[in-house]
$ cat query35.pdb   # PDB, C-alpha atoms, pLDDT in the B column
ATOM      1  CA  MET A   1    -171.850 323.735  -9.000  1.00 53.00           C
ATOM      2  CA  SER A   2    -172.091 320.076  -7.955  1.00 82.00           C
ATOM      3  CA  THR A   3    -175.261 318.028  -8.361  1.00 86.00           C
ATOM      4  CA  GLU A   4    -175.499 317.576  -4.581  1.00 86.00           C
ATOM      5  CA  LEU A   5    -175.279 321.321  -3.940  1.00 88.00           C
ATOM      6  CA  ARG A   6    -177.789 322.177  -6.664  1.00 92.00           C
ATOM      7  CA  ASN A   7    -180.211 319.557  -5.366  1.00 93.00           C
ATOM      8  CA  ALA A   8    -179.943 320.734  -1.743  1.00 95.00           C
ATOM      9  CA  GLU A   9    -180.477 324.373  -2.660  1.00 96.00           C
ATOM     10  CA  GLU A  10    -183.465 323.458  -4.819  1.00 96.00           C
ATOM     11  CA  ILE A  11    -185.090 321.504  -1.996  1.00 96.00           C
ATOM     12  CA  VAL A  12    -184.624 324.371   0.467  1.00 97.00           C
ATOM     13  CA  ARG A  13    -186.018 326.832  -2.070  1.00 97.00           C
ATOM     14  CA  GLU A  14    -189.051 324.674  -2.845  1.00 96.00           C
ATOM     15  CA  GLN A  15    -189.885 323.989   0.788  1.00 96.00           C
ATOM     16  CA  LEU A  16    -189.586 327.599   1.883  1.00 96.00           C
ATOM     17  CA  ALA A  17    -191.724 328.680  -1.064  1.00 95.00           C
ATOM     18  CA  SER A  18    -194.437 326.168  -0.157  1.00 90.00           C
ATOM     19  CA  THR A  19    -195.208 327.471   3.333  1.00 90.00           C
ATOM     20  CA  PRO A  20    -194.550 330.450   5.601  1.00 91.00           C
ATOM     21  CA  ASN A  21    -194.558 328.084   8.598  1.00 95.00           C
ATOM     22  CA  ALA A  22    -191.021 326.718   8.337  1.00 97.00           C
ATOM     23  CA  CYS A  23    -188.229 326.514  10.884  1.00 98.00           C
ATOM     24  CA  ILE A  24    -184.734 325.103  11.156  1.00 98.00           C
ATOM     25  CA  THR A  25    -183.211 323.264  14.091  1.00 96.00           C
ATOM     26  CA  CYS A  26    -179.618 324.336  14.581  1.00 97.00           C
ATOM     27  CA  SER A  27    -176.917 323.011  16.889  1.00 95.00           C
ATOM     28  CA  PHE A  28    -174.442 325.317  15.133  1.00 97.00           C
ATOM     29  CA  GLN A  29    -172.420 322.357  13.887  1.00 96.00           C
ATOM     30  CA  ALA A  30    -171.104 322.539  10.324  1.00 96.00           C
ATOM     31  CA  GLU A  31    -174.032 320.800   8.612  1.00 96.00           C
ATOM     32  CA  ASP A  32    -176.591 322.982  10.340  1.00 97.00           C
ATOM     33  CA  MET A  33    -174.633 326.088   9.387  1.00 98.00           C
ATOM     34  CA  VAL A  34    -174.753 325.013   5.746  1.00 98.00           C
ATOM     35  CA  VAL A  35    -178.537 324.581   5.738  1.00 98.00           C
ATOM     36  CA  LEU A  36    -178.969 327.777   7.754  1.00 98.00           C
ATOM     37  CA  HIS A  37    -176.832 329.670   5.241  1.00 98.00           C
ATOM     38  CA  MET A  38    -179.011 328.391   2.387  1.00 97.00           C
ATOM     39  CA  ALA A  39    -182.278 329.097   4.204  1.00 98.00           C
ATOM     40  CA  ARG A  40    -181.500 332.602   5.429  1.00 97.00           C
ATOM     41  CA  SER A  41    -180.484 333.697   1.919  1.00 95.00           C
ATOM     42  CA  LEU A  42    -184.121 333.053   0.966  1.00 96.00           C
ATOM     43  CA  ARG A  43    -185.840 333.847   4.245  1.00 97.00           C
ATOM     44  CA  PRO A  44    -183.615 335.900   6.579  1.00 97.00           C
ATOM     45  CA  ASP A  45    -186.114 335.764   9.449  1.00 97.00           C
ATOM     46  CA  ILE A  46    -186.645 331.989   9.483  1.00 98.00           C
ATOM     47  CA  PRO A  47    -186.945 330.815  13.128  1.00 98.00           C
ATOM     48  CA  VAL A  48    -183.749 329.079  14.259  1.00 98.00           C
ATOM     49  CA  LEU A  49    -184.544 326.578  17.008  1.00 98.00           C
ATOM     50  CA  PHE A  50    -181.696 325.897  19.433  1.00 98.00           C
ATOM     51  CA  LEU A  51    -182.024 323.290  22.180  1.00 97.00           C
ATOM     52  CA  GLU A  52    -180.867 325.158  25.267  1.00 97.00           C
ATOM     53  CA  THR A  53    -180.037 322.180  27.464  1.00 96.00           C
ATOM     54  CA  GLY A  54    -177.861 324.131  29.888  1.00 96.00           C
ATOM     55  CA  TYR A  55    -175.045 321.644  29.302  1.00 95.00           C
ATOM     56  CA  HIS A  56    -173.437 322.954  26.104  1.00 97.00           C
ATOM     57  CA  PHE A  57    -169.762 323.798  25.722  1.00 96.00           C
ATOM     58  CA  ALA A  58    -168.845 327.405  26.431  1.00 97.00           C
ATOM     59  CA  GLU A  59    -167.514 327.493  22.862  1.00 97.00           C
ATOM     60  CA  THR A  60    -170.926 326.511  21.512  1.00 97.00           C
ATOM     61  CA  TYR A  61    -172.691 329.302  23.378  1.00 98.00           C
ATOM     62  CA  ALA A  62    -170.130 331.864  22.231  1.00 98.00           C
ATOM     63  CA  TYR A  63    -170.391 330.685  18.629  1.00 98.00           C
ATOM     64  CA  ARG A  64    -174.198 330.724  18.747  1.00 98.00           C
ATOM     65  CA  ASP A  65    -174.194 334.264  20.080  1.00 98.00           C
ATOM     66  CA  ARG A  66    -171.633 335.424  17.535  1.00 98.00           C
ATOM     67  CA  TYR A  67    -173.583 334.161  14.516  1.00 98.00           C
ATOM     68  CA  THR A  68    -176.923 335.221  15.950  1.00 98.00           C
ATOM     69  CA  GLN A  69    -175.568 338.765  15.945  1.00 98.00           C
ATOM     70  CA  GLU A  70    -173.597 338.639  12.695  1.00 98.00           C
ATOM     71  CA  TRP A  71    -176.388 336.995  10.701  1.00 98.00           C
ATOM     72  CA  ASN A  72    -179.199 338.752  12.573  1.00 98.00           C
ATOM     73  CA  LEU A  73    -180.858 335.411  13.287  1.00 98.00           C
ATOM     74  CA  THR A  74    -184.327 334.917  14.681  1.00 98.00           C
ATOM     75  CA  LEU A  75    -183.020 332.645  17.427  1.00 98.00           C
ATOM     76  CA  VAL A  76    -185.502 330.641  19.483  1.00 98.00           C
ATOM     77  CA  ASN A  77    -183.933 329.009  22.549  1.00 98.00           C
ATOM     78  CA  LEU A  78    -186.032 325.970  23.456  1.00 97.00           C
ATOM     79  CA  MET A  79    -185.876 325.452  27.205  1.00 96.00           C
ATOM     80  CA  PRO A  80    -186.600 322.317  29.265  1.00 96.00           C
ATOM     81  CA  LYS A  81    -189.274 322.548  31.947  1.00 96.00           C
ATOM     82  CA  LEU A  82    -186.611 322.030  34.638  1.00 96.00           C
ATOM     83  CA  THR A  83    -183.450 324.077  35.038  1.00 96.00           C
ATOM     84  CA  VAL A  84    -180.167 322.190  35.375  1.00 96.00           C
ATOM     85  CA  ILE A  85    -180.191 322.829  39.126  1.00 97.00           C
ATOM     86  CA  GLU A  86    -183.788 321.639  39.497  1.00 97.00           C
ATOM     87  CA  GLN A  87    -183.168 318.503  37.452  1.00 96.00           C
ATOM     88  CA  GLU A  88    -179.969 317.561  39.252  1.00 96.00           C
ATOM     89  CA  SER A  89    -181.617 318.233  42.612  1.00 96.00           C
ATOM     90  CA  GLN A  90    -184.471 315.917  41.708  1.00 96.00           C
ATOM     91  CA  PHE A  91    -182.716 313.190  39.711  1.00 96.00           C
ATOM     92  CA  GLY A  92    -178.971 313.664  40.173  1.00 96.00           C
ATOM     93  CA  LYS A  93    -176.713 313.797  37.143  1.00 95.00           C
ATOM     94  CA  LEU A  94    -178.933 312.005  34.659  1.00 93.00           C
ATOM     95  CA  TYR A  95    -176.348 312.361  31.909  1.00 89.00           C
ATOM     96  CA  GLN A  96    -174.311 309.835  33.910  1.00 89.00           C
ATOM     97  CA  SER A  97    -177.027 307.539  35.257  1.00 89.00           C
ATOM     98  CA  GLU A  98    -179.765 307.731  32.607  1.00 89.00           C
ATOM     99  CA  PRO A  99    -178.551 309.670  29.567  1.00 89.00           C
ATOM    100  CA  SER A 100    -181.621 308.788  27.501  1.00 88.00           C
ATOM    101  CA  LYS A 101    -183.903 310.267  30.163  1.00 92.00           C
ATOM    102  CA  CYS A 102    -181.721 313.383  30.307  1.00 93.00           C
ATOM    103  CA  CYS A 103    -181.949 313.769  26.518  1.00 90.00           C
ATOM    104  CA  ASN A 104    -185.696 313.262  26.644  1.00 92.00           C
ATOM    105  CA  LEU A 105    -186.191 315.958  29.290  1.00 95.00           C
ATOM    106  CA  ARG A 106    -183.754 318.491  27.880  1.00 95.00           C
ATOM    107  CA  LYS A 107    -183.939 317.905  24.116  1.00 93.00           C
ATOM    108  CA  VAL A 108    -186.810 315.754  22.902  1.00 92.00           C
ATOM    109  CA  GLU A 109    -189.684 317.240  24.892  1.00 94.00           C
ATOM    110  CA  PRO A 110    -188.623 320.889  24.379  1.00 95.00           C
ATOM    111  CA  LEU A 111    -188.190 320.358  20.644  1.00 94.00           C
ATOM    112  CA  PHE A 112    -191.542 318.686  20.130  1.00 92.00           C
ATOM    113  CA  ARG A 113    -193.214 321.529  22.017  1.00 93.00           C
ATOM    114  CA  GLY A 114    -191.232 324.026  19.962  1.00 95.00           C
ATOM    115  CA  LEU A 115    -192.264 322.510  16.634  1.00 94.00           C
ATOM    116  CA  ALA A 116    -195.929 323.304  17.274  1.00 88.00           C
ATOM    117  CA  GLY A 117    -197.209 325.637  14.592  1.00 87.00           C
ATOM    118  CA  TYR A 118    -194.635 324.708  11.950  1.00 95.00           C
ATOM    119  CA  GLN A 119    -195.327 322.718   8.804  1.00 95.00           C
ATOM    120  CA  VAL A 120    -191.752 322.323   7.572  1.00 96.00           C
ATOM    121  CA  TRP A 121    -188.761 321.419   9.742  1.00 96.00           C
ATOM    122  CA  LEU A 122    -185.321 321.861   8.147  1.00 97.00           C
ATOM    123  CA  THR A 123    -182.397 319.864   9.532  1.00 96.00           C
ATOM    124  CA  GLY A 124    -178.724 319.341   8.725  1.00 95.00           C
ATOM    125  CA  LEU A 125    -178.856 315.551   9.023  1.00 93.00           C
ATOM    126  CA  ARG A 126    -176.740 313.385   6.714  1.00 91.00           C
ATOM    127  CA  ARG A 127    -176.720 309.624   6.101  1.00 88.00           C
ATOM    128  CA  GLU A 128    -172.944 309.484   6.442  1.00 82.00           C
ATOM    129  CA  GLN A 129    -173.049 310.819  10.008  1.00 72.00           C
ATOM    130  CA  SER A 130    -174.055 307.557  11.638  1.00 65.00           C
ATOM    131  CA  PRO A 131    -175.309 304.006  10.925  1.00 69.00           C
ATOM    132  CA  SER A 132    -178.562 305.070  12.604  1.00 64.00           C
ATOM    133  CA  ARG A 133    -179.088 307.622   9.804  1.00 65.00           C
ATOM    134  CA  ALA A 134    -178.242 305.349   6.872  1.00 73.00           C
ATOM    135  CA  ASN A 135    -181.819 305.308   5.552  1.00 78.00           C
ATOM    136  CA  LEU A 136    -182.466 309.028   5.955  1.00 88.00           C
ATOM    137  CA  GLN A 137    -184.548 310.564   3.165  1.00 89.00           C
ATOM    138  CA  GLN A 138    -184.375 314.197   2.129  1.00 92.00           C
ATOM    139  CA  ILE A 139    -188.089 314.682   2.744  1.00 93.00           C
ATOM    140  CA  GLU A 140    -190.031 312.656   5.310  1.00 93.00           C
ATOM    141  CA  THR A 141    -193.422 313.124   6.906  1.00 92.00           C
ATOM    142  CA  HIS A 142    -193.154 312.828  10.677  1.00 88.00           C
ATOM    143  CA  VAL A 143    -195.889 312.486  13.249  1.00 88.00           C
ATOM    144  CA  LEU A 144    -195.085 313.953  16.658  1.00 85.00           C
ATOM    145  CA  PRO A 145    -196.361 312.407  19.907  1.00 83.00           C
ATOM    146  CA  ASP A 146    -199.318 314.800  19.995  1.00 84.00           C
ATOM    147  CA  GLY A 147    -200.436 313.573  16.574  1.00 87.00           C
ATOM    148  CA  LYS A 148    -199.234 316.618  14.635  1.00 87.00           C
ATOM    149  CA  SER A 149    -197.734 315.902  11.209  1.00 91.00           C
ATOM    150  CA  LEU A 150    -195.031 317.973   9.547  1.00 93.00           C
ATOM    151  CA  LEU A 151    -192.423 317.624   6.841  1.00 94.00           C
ATOM    152  CA  LYS A 152    -188.930 316.934   8.083  1.00 94.00           C
ATOM    153  CA  VAL A 153    -186.528 318.132   5.403  1.00 96.00           C
ATOM    154  CA  SER A 154    -182.857 317.103   5.350  1.00 95.00           C
ATOM    155  CA  PRO A 155    -181.398 318.682   2.185  1.00 96.00           C
ATOM    156  CA  LEU A 156    -177.889 317.352   2.881  1.00 96.00           C
ATOM    157  CA  ALA A 157    -178.941 313.722   3.359  1.00 93.00           C
ATOM    158  CA  ALA A 158    -176.659 312.473   0.573  1.00 91.00           C
ATOM    159  CA  TRP A 159    -173.772 314.862   1.244  1.00 94.00           C
ATOM    160  CA  THR A 160    -170.360 313.647   2.313  1.00 92.00           C
ATOM    161  CA  ASN A 161    -168.233 315.252   4.977  1.00 91.00           C
ATOM    162  CA  LYS A 162    -166.080 316.606   2.146  1.00 93.00           C
ATOM    163  CA  ASP A 163    -169.140 318.288   0.604  1.00 94.00           C
ATOM    164  CA  VAL A 164    -169.977 320.005   3.883  1.00 95.00           C
ATOM    165  CA  TRP A 165    -166.526 321.404   4.466  1.00 95.00           C
ATOM    166  CA  ALA A 166    -166.178 322.504   0.854  1.00 95.00           C
ATOM    167  CA  TYR A 167    -169.371 324.566   1.239  1.00 96.00           C
ATOM    168  CA  VAL A 168    -168.226 325.993   4.573  1.00 97.00           C
ATOM    169  CA  LYS A 169    -164.933 327.086   3.032  1.00 97.00           C
ATOM    170  CA  ALA A 170    -166.465 328.441  -0.178  1.00 96.00           C
ATOM    171  CA  ASN A 171    -168.964 330.548   1.747  1.00 97.00           C
ATOM    172  CA  HIS A 172    -166.492 331.818   4.343  1.00 97.00           C
ATOM    173  CA  ILE A 173    -168.294 330.297   7.329  1.00 98.00           C
ATOM    174  CA  ASP A 174    -166.011 330.039  10.339  1.00 97.00           C
ATOM    175  CA  PRO A 175    -166.707 326.608  11.886  1.00 96.00           C
ATOM    176  CA  LEU A 176    -167.301 325.978  15.552  1.00 96.00           C
ATOM    177  CA  PRO A 177    -163.801 326.069  17.124  1.00 96.00           C
ATOM    178  CA  LEU A 178    -164.289 322.680  18.799  1.00 95.00           C
ATOM    179  CA  TYR A 179    -163.668 320.986  15.438  1.00 94.00           C
ATOM    180  CA  ASP A 180    -160.070 322.164  15.616  1.00 94.00           C
ATOM    181  CA  GLN A 181    -159.731 320.271  18.899  1.00 93.00           C
ATOM    182  CA  GLY A 182    -160.649 316.968  17.220  1.00 90.00           C
ATOM    183  CA  TYR A 183    -164.382 316.763  17.898  1.00 90.00           C
ATOM    184  CA  THR A 184    -166.482 315.532  14.985  1.00 86.00           C
ATOM    185  CA  SER A 185    -169.976 315.478  16.515  1.00 86.00           C
ATOM    186  CA  ILE A 186    -170.729 318.088  19.144  1.00 91.00           C
ATOM    187  CA  GLY A 187    -173.567 318.093  21.656  1.00 90.00           C
ATOM    188  CA  CYS A 188    -173.747 318.633  25.394  1.00 93.00           C
ATOM    189  CA  GLU A 189    -170.319 318.867  27.003  1.00 93.00           C
ATOM    190  CA  PRO A 190    -170.712 315.998  29.540  1.00 91.00           C
ATOM    191  CA  CYS A 191    -171.750 313.582  26.790  1.00 89.00           C
ATOM    192  CA  THR A 192    -169.364 314.625  24.018  1.00 89.00           C
ATOM    193  CA  ALA A 193    -165.898 313.188  23.485  1.00 84.00           C
ATOM    194  CA  LYS A 194    -163.619 312.839  20.503  1.00 84.00           C
ATOM    195  CA  PRO A 195    -164.577 309.855  18.298  1.00 80.00           C
ATOM    196  CA  TYR A 196    -163.032 306.486  19.051  1.00 74.00           C
ATOM    197  CA  ASP A 197    -164.146 305.038  15.697  1.00 73.00           C
ATOM    198  CA  PRO A 198    -162.734 306.999  12.730  1.00 69.00           C
ATOM    199  CA  ASP A 199    -165.520 305.640  10.523  1.00 67.00           C
ATOM    200  CA  ASN A 200    -168.290 306.875  12.814  1.00 68.00           C
ATOM    201  CA  PRO A 201    -168.182 310.616  13.611  1.00 66.00           C
ATOM    202  CA  ARG A 202    -170.799 310.172  16.351  1.00 62.00           C
ATOM    203  CA  SER A 203    -168.904 307.421  18.192  1.00 67.00           C
ATOM    204  CA  GLY A 204    -167.707 309.929  20.795  1.00 57.00           C
ATOM    205  CA  ARG A 205    -171.243 310.764  21.895  1.00 60.00           C
ATOM    206  CA  TRP A 206    -172.665 309.375  25.158  1.00 54.00           C
ATOM    207  CA  GLY A 207    -169.545 307.333  25.880  1.00 56.00           C
ATOM    208  CA  GLY A 208    -170.284 305.210  22.828  1.00 50.00           C
ATOM    209  CA  ASN A 209    -173.384 303.778  24.528  1.00 56.00           C
ATOM    210  CA  LYS A 210    -175.833 305.233  22.015  1.00 46.00           C
ATOM    211  CA  LEU A 211    -175.810 307.282  18.811  1.00 48.00           C
ATOM    212  CA  GLU A 212    -178.963 309.407  19.005  1.00 46.00           C
ATOM    213  CA  CYS A 213    -180.442 311.724  21.610  1.00 46.00           C
ATOM    214  CA  GLY A 214    -183.931 310.824  20.416  1.00 45.00           C
ATOM    215  CA  ILE A 215    -185.218 313.885  18.605  1.00 51.00           C
ATOM    216  CA  HIS A 216    -184.788 312.111  15.274  1.00 48.00           C
ATOM    217  CA  THR A 217    -186.062 308.726  16.435  1.00 46.00           C
ATOM    218  CA  PHE A 218    -189.008 309.386  18.782  1.00 49.00           C
ATOM    219  CA  SER A 219    -191.252 310.921  16.132  1.00 47.00           C
ATOM    220  CA  GLU A 220    -193.026 308.462  13.872  1.00 51.00           C
ATOM    221  CA  LYS A 221    -192.363 308.416  10.151  1.00 53.00           C
ATOM    222  CA  LYS A 222    -195.340 307.964   7.846  1.00 47.00           C
TER     223      LYS A 222
END
$ encode --input "query35.pdb" --output "structure tokens"
Amino acid sequence: MSTELRNAEEIVREQLASTPNACITCSFQAEDMVVLHMARSLRPDIPVLFLETGYHFAETYAYRDRYTQEWNLTLVNLMPKLTVIEQESQFGKLYQSEPSKCCNLRKVEPLFRGLAGYQVWLTGLRREQSPSRANLQQIETHVLPDGKSLLKVSPLAAWTNKDVWAYVKANHIDPLPLYDQGYTSIGCEPCTAKPYDPDNPRSGRWGGNKLECGIHTFSEKK
């Protein structure tokens, strides 16, 4: 067992043992599946928060539904206040005109509402994923806009892409099929393309105009 794997598993174990009020955010990308696999082995009923933007790939929805059934997940679909039809009727296609506003309405606000009541928030974030995540720590205290504090835990912060895929293979986790099509960072379909920079897996997101949707940058770190 590698040092990185042992360390990640220990962090997940310690955090889940410290509080019953823990959750994991999951986009069903490879990193999130790794952390989810670790967490559910210790707490099978851990709430799995999925940002239901209404804009995901059909493959993402099918994959989410498959693993929700196979792993008997406690899936929590976090919904925006506006449906896709209501939002586009009111603002047009924000993902084209104002992608940051679209992310705020359909990802950031629903997540921050959904995190109410939790003390520990597990994520699959890694430093290697993007320059914007280069200083990511495994355990950070975050303050949400309403003043609530919680621990944001990223057990895989130091993991490489090779580490992730080695774990996926070793634990017989079928990855999201979109990886086979050349995608390396997968979000909403209108804002996800294959990477143009081989050194930045997230370079295909939002037409290369930004690297983060905001859920990991709008909360304040202590």
$ resolve_selection --input "query35.pdb" --expression "the PyMOL selection byres ((chain A and resi 179-190) around 8)" --output "PyMOL selection string"
chain A and resi 27+29+53+55-57+95+175-178+191-195+201-202+204-205
$ resolve_selection --input "query35.pdb" --expression "the PyMOL selection byres ((chain A and resi 107) around 9)" --output "mmCIF file with C-alpha atoms, keeping the file's coordinate frame"
data_model
loop_
_atom_site.group_PDB
_atom_site.id
_atom_site.type_symbol
_atom_site.label_atom_id
_atom_site.label_comp_id
_atom_site.auth_asym_id
_atom_site.auth_seq_id
_atom_site.Cartn_x
_atom_site.Cartn_y
_atom_site.Cartn_z
ATOM 1 C CA LEU A 51 -182.024 323.290 22.180
ATOM 2 C CA GLU A 52 -180.867 325.158 25.267
ATOM 3 C CA THR A 53 -180.037 322.180 27.464
ATOM 4 C CA LEU A 78 -186.032 325.970 23.456
ATOM 5 C CA MET A 79 -185.876 325.452 27.205
ATOM 6 C CA PRO A 80 -186.600 322.317 29.265
ATOM 7 C CA CYS A 102 -181.721 313.383 30.307
ATOM 8 C CA CYS A 103 -181.949 313.769 26.518
ATOM 9 C CA ASN A 104 -185.696 313.262 26.644
ATOM 10 C CA LEU A 105 -186.191 315.958 29.290
ATOM 11 C CA ARG A 106 -183.754 318.491 27.880
ATOM 12 C CA VAL A 108 -186.810 315.754 22.902
ATOM 13 C CA GLU A 109 -189.684 317.240 24.892
ATOM 14 C CA PRO A 110 -188.623 320.889 24.379
ATOM 15 C CA LEU A 111 -188.190 320.358 20.644
ATOM 16 C CA PHE A 112 -191.542 318.686 20.130
ATOM 17 C CA CYS A 213 -180.442 311.724 21.610
ATOM 18 C CA GLY A 214 -183.931 310.824 20.416
ATOM 19 C CA ILE A 215 -185.218 313.885 18.605
#
$ atom_distance --input "query35.pdb" --atom1 "atom CA of Glu70 of chain A" --atom2 "atom CA of Thr25 of chain A"
18.2 Å
$ closest_residue --input "query35.pdb" --among "A:Val168, A:Val48, A:Val34, A:Ile24" --to "Arg126 of chain A" --atoms "all atoms listed in the file"
A:Val34
$ closest_residue --input "query35.pdb" --among "A:Trp165, A:Trp121, A:Phe50, A:Tyr196" --to "Leu150 of chain A" --atoms "all atoms listed in the file"
A:Trp121
$ closest_residue --input "query35.pdb" --among "A:Ala58, A:Leu115, A:Val153, A:Val76" --to "Glu9 of chain A" --atoms "all atoms listed in the file"
A:Val153
$ closest_residue --input "query35.pdb" --among "A:Ile46, A:Leu122, A:Val84, A:Ala170" --to "Asn72 of chain A" --atoms "all atoms listed in the file"
A:Ile46
$ closest_residue --input "query35.pdb" --among "A:Pro145, A:Leu156, A:Phe28, A:Leu82" --to "Tyr61 of chain A" --atoms "only C-alpha atoms"
A:Phe28
$ residues_around --input "query35.pdb" --residues "Asn7 of chain A" --least-positions-apart "6" --cutoff "10 Å" --atoms "all atoms listed in the file" --output "ChimeraX atom specification"
/A:13,155-156,158
$ atom_distance --input "query35.pdb" --atom1 "atom CA of Ala39 of chain A" --atom2 "atom CA of Val12 of chain A"
6.5 Å
$ atom_distance --input "query35.pdb" --atom1 "atom CA of Leu94 of chain A" --atom2 "atom CA of Cys26 of chain A"
23.6 Å
$ resolve_selection --input "query35.pdb" --expression "the PyMOL selection byres ((chain A and resi 152) around 12)" --output "PyMOL selection string"
chain A and resi 11-12+15+22-25+115+118-125+136-144+149-151+153-155+157+215-216+219-222
$ write_last_selection --input "query35.pdb" --atoms "C-alpha atoms" --output "short mmCIF file (atom, residue, chain, number, x, y, z; two decimals), in the coordinates of the input"
data_model
loop_
_atom_site.label_atom_id
_atom_site.label_comp_id
_atom_site.auth_asym_id
_atom_site.auth_seq_id
_atom_site.Cartn_x
_atom_site.Cartn_y
_atom_site.Cartn_z
CA ILE A 11 -185.09 321.50 -2.00
CA VAL A 12 -184.62 324.37 0.47
CA GLN A 15 -189.88 323.99 0.79
CA ALA A 22 -191.02 326.72 8.34
CA CYS A 23 -188.23 326.51 10.88
CA ILE A 24 -184.73 325.10 11.16
CA THR A 25 -183.21 323.26 14.09
CA LEU A 115 -192.26 322.51 16.63
CA TYR A 118 -194.64 324.71 11.95
CA GLN A 119 -195.33 322.72 8.80
CA VAL A 120 -191.75 322.32 7.57
CA TRP A 121 -188.76 321.42 9.74
CA LEU A 122 -185.32 321.86 8.15
CA THR A 123 -182.40 319.86 9.53
CA GLY A 124 -178.72 319.34 8.72
CA LEU A 125 -178.86 315.55 9.02
CA LEU A 136 -182.47 309.03 5.96
CA GLN A 137 -184.55 310.56 3.16
CA GLN A 138 -184.38 314.20 2.13
CA ILE A 139 -188.09 314.68 2.74
CA GLU A 140 -190.03 312.66 5.31
CA THR A 141 -193.42 313.12 6.91
CA HIS A 142 -193.15 312.83 10.68
CA VAL A 143 -195.89 312.49 13.25
CA LEU A 144 -195.08 313.95 16.66
CA SER A 149 -197.73 315.90 11.21
CA LEU A 150 -195.03 317.97 9.55
CA LEU A 151 -192.42 317.62 6.84
CA VAL A 153 -186.53 318.13 5.40
CA SER A 154 -182.86 317.10 5.35
CA PRO A 155 -181.40 318.68 2.18
CA ALA A 157 -178.94 313.72 3.36
CA ILE A 215 -185.22 313.88 18.60
CA HIS A 216 -184.79 312.11 15.27
CA SER A 219 -191.25 310.92 16.13
CA GLU A 220 -193.03 308.46 13.87
CA LYS A 221 -192.36 308.42 10.15
CA LYS A 222 -195.34 307.96 7.85
#
$ closest_residue --input "query35.pdb" --among "A:Ile85, A:Ala17, A:Val164, A:Ala8" --to "Gly54 of chain A" --atoms "only C-alpha atoms"
A:Ile85
$ build_atoms --input "query35.pdb" --residues "segment 173-187 of chain A" --atoms "N, CA and C atoms" --output "CSV table (one decimal), in the frame of the given file"
chain,number,residue,atom,x,y,z
A,173,ILE,N,-167.7,330.5,6.0
A,173,ILE,CA,-168.3,330.3,7.3
A,173,ILE,C,-167.2,329.8,8.3
A,174,ASP,N,-167.0,330.5,9.3
A,174,ASP,CA,-166.0,330.0,10.3
A,174,ASP,C,-166.7,328.9,11.1
A,175,PRO,N,-166.1,327.7,11.2
A,175,PRO,CA,-166.7,326.6,11.9
A,175,PRO,C,-166.6,326.7,13.4
A,176,LEU,N,-167.4,326.0,14.1
A,176,LEU,CA,-167.3,326.0,15.6
A,176,LEU,C,-165.9,325.6,15.9
A,177,PRO,N,-165.2,326.3,16.8
A,177,PRO,CA,-163.8,326.1,17.1
A,177,PRO,C,-163.5,324.7,17.7
A,178,LEU,N,-164.5,324.0,18.2
A,178,LEU,CA,-164.3,322.7,18.8
A,178,LEU,C,-163.8,321.7,17.8
A,179,TYR,N,-164.1,321.9,16.5
A,179,TYR,CA,-163.7,321.0,15.4
A,179,TYR,C,-162.1,321.0,15.4
A,180,ASP,N,-161.5,322.1,15.6
A,180,ASP,CA,-160.1,322.2,15.6
A,180,ASP,C,-159.4,321.4,16.8
A,181,GLN,N,-160.2,321.1,17.8
A,181,GLN,CA,-159.7,320.3,18.9
A,181,GLN,C,-159.9,318.8,18.7
A,182,GLY,N,-160.5,318.4,17.5
A,182,GLY,CA,-160.6,317.0,17.2
A,182,GLY,C,-162.0,316.4,17.4
A,183,TYR,N,-163.0,317.2,17.8
A,183,TYR,CA,-164.4,316.8,17.9
A,183,TYR,C,-165.0,316.7,16.5
A,184,THR,N,-165.8,315.7,16.3
A,184,THR,CA,-166.5,315.5,15.0
A,184,THR,C,-168.0,315.6,15.1
A,185,SER,N,-168.5,315.4,16.3
A,185,SER,CA,-170.0,315.5,16.5
A,185,SER,C,-170.1,316.1,17.9
A,186,ILE,N,-170.8,317.3,17.9
A,186,ILE,CA,-170.7,318.1,19.1
A,186,ILE,C,-172.1,318.3,19.7
A,187,GLY,N,-172.3,317.9,21.0
A,187,GLY,CA,-173.6,318.1,21.7
A,187,GLY,C,-173.3,318.7,23.0
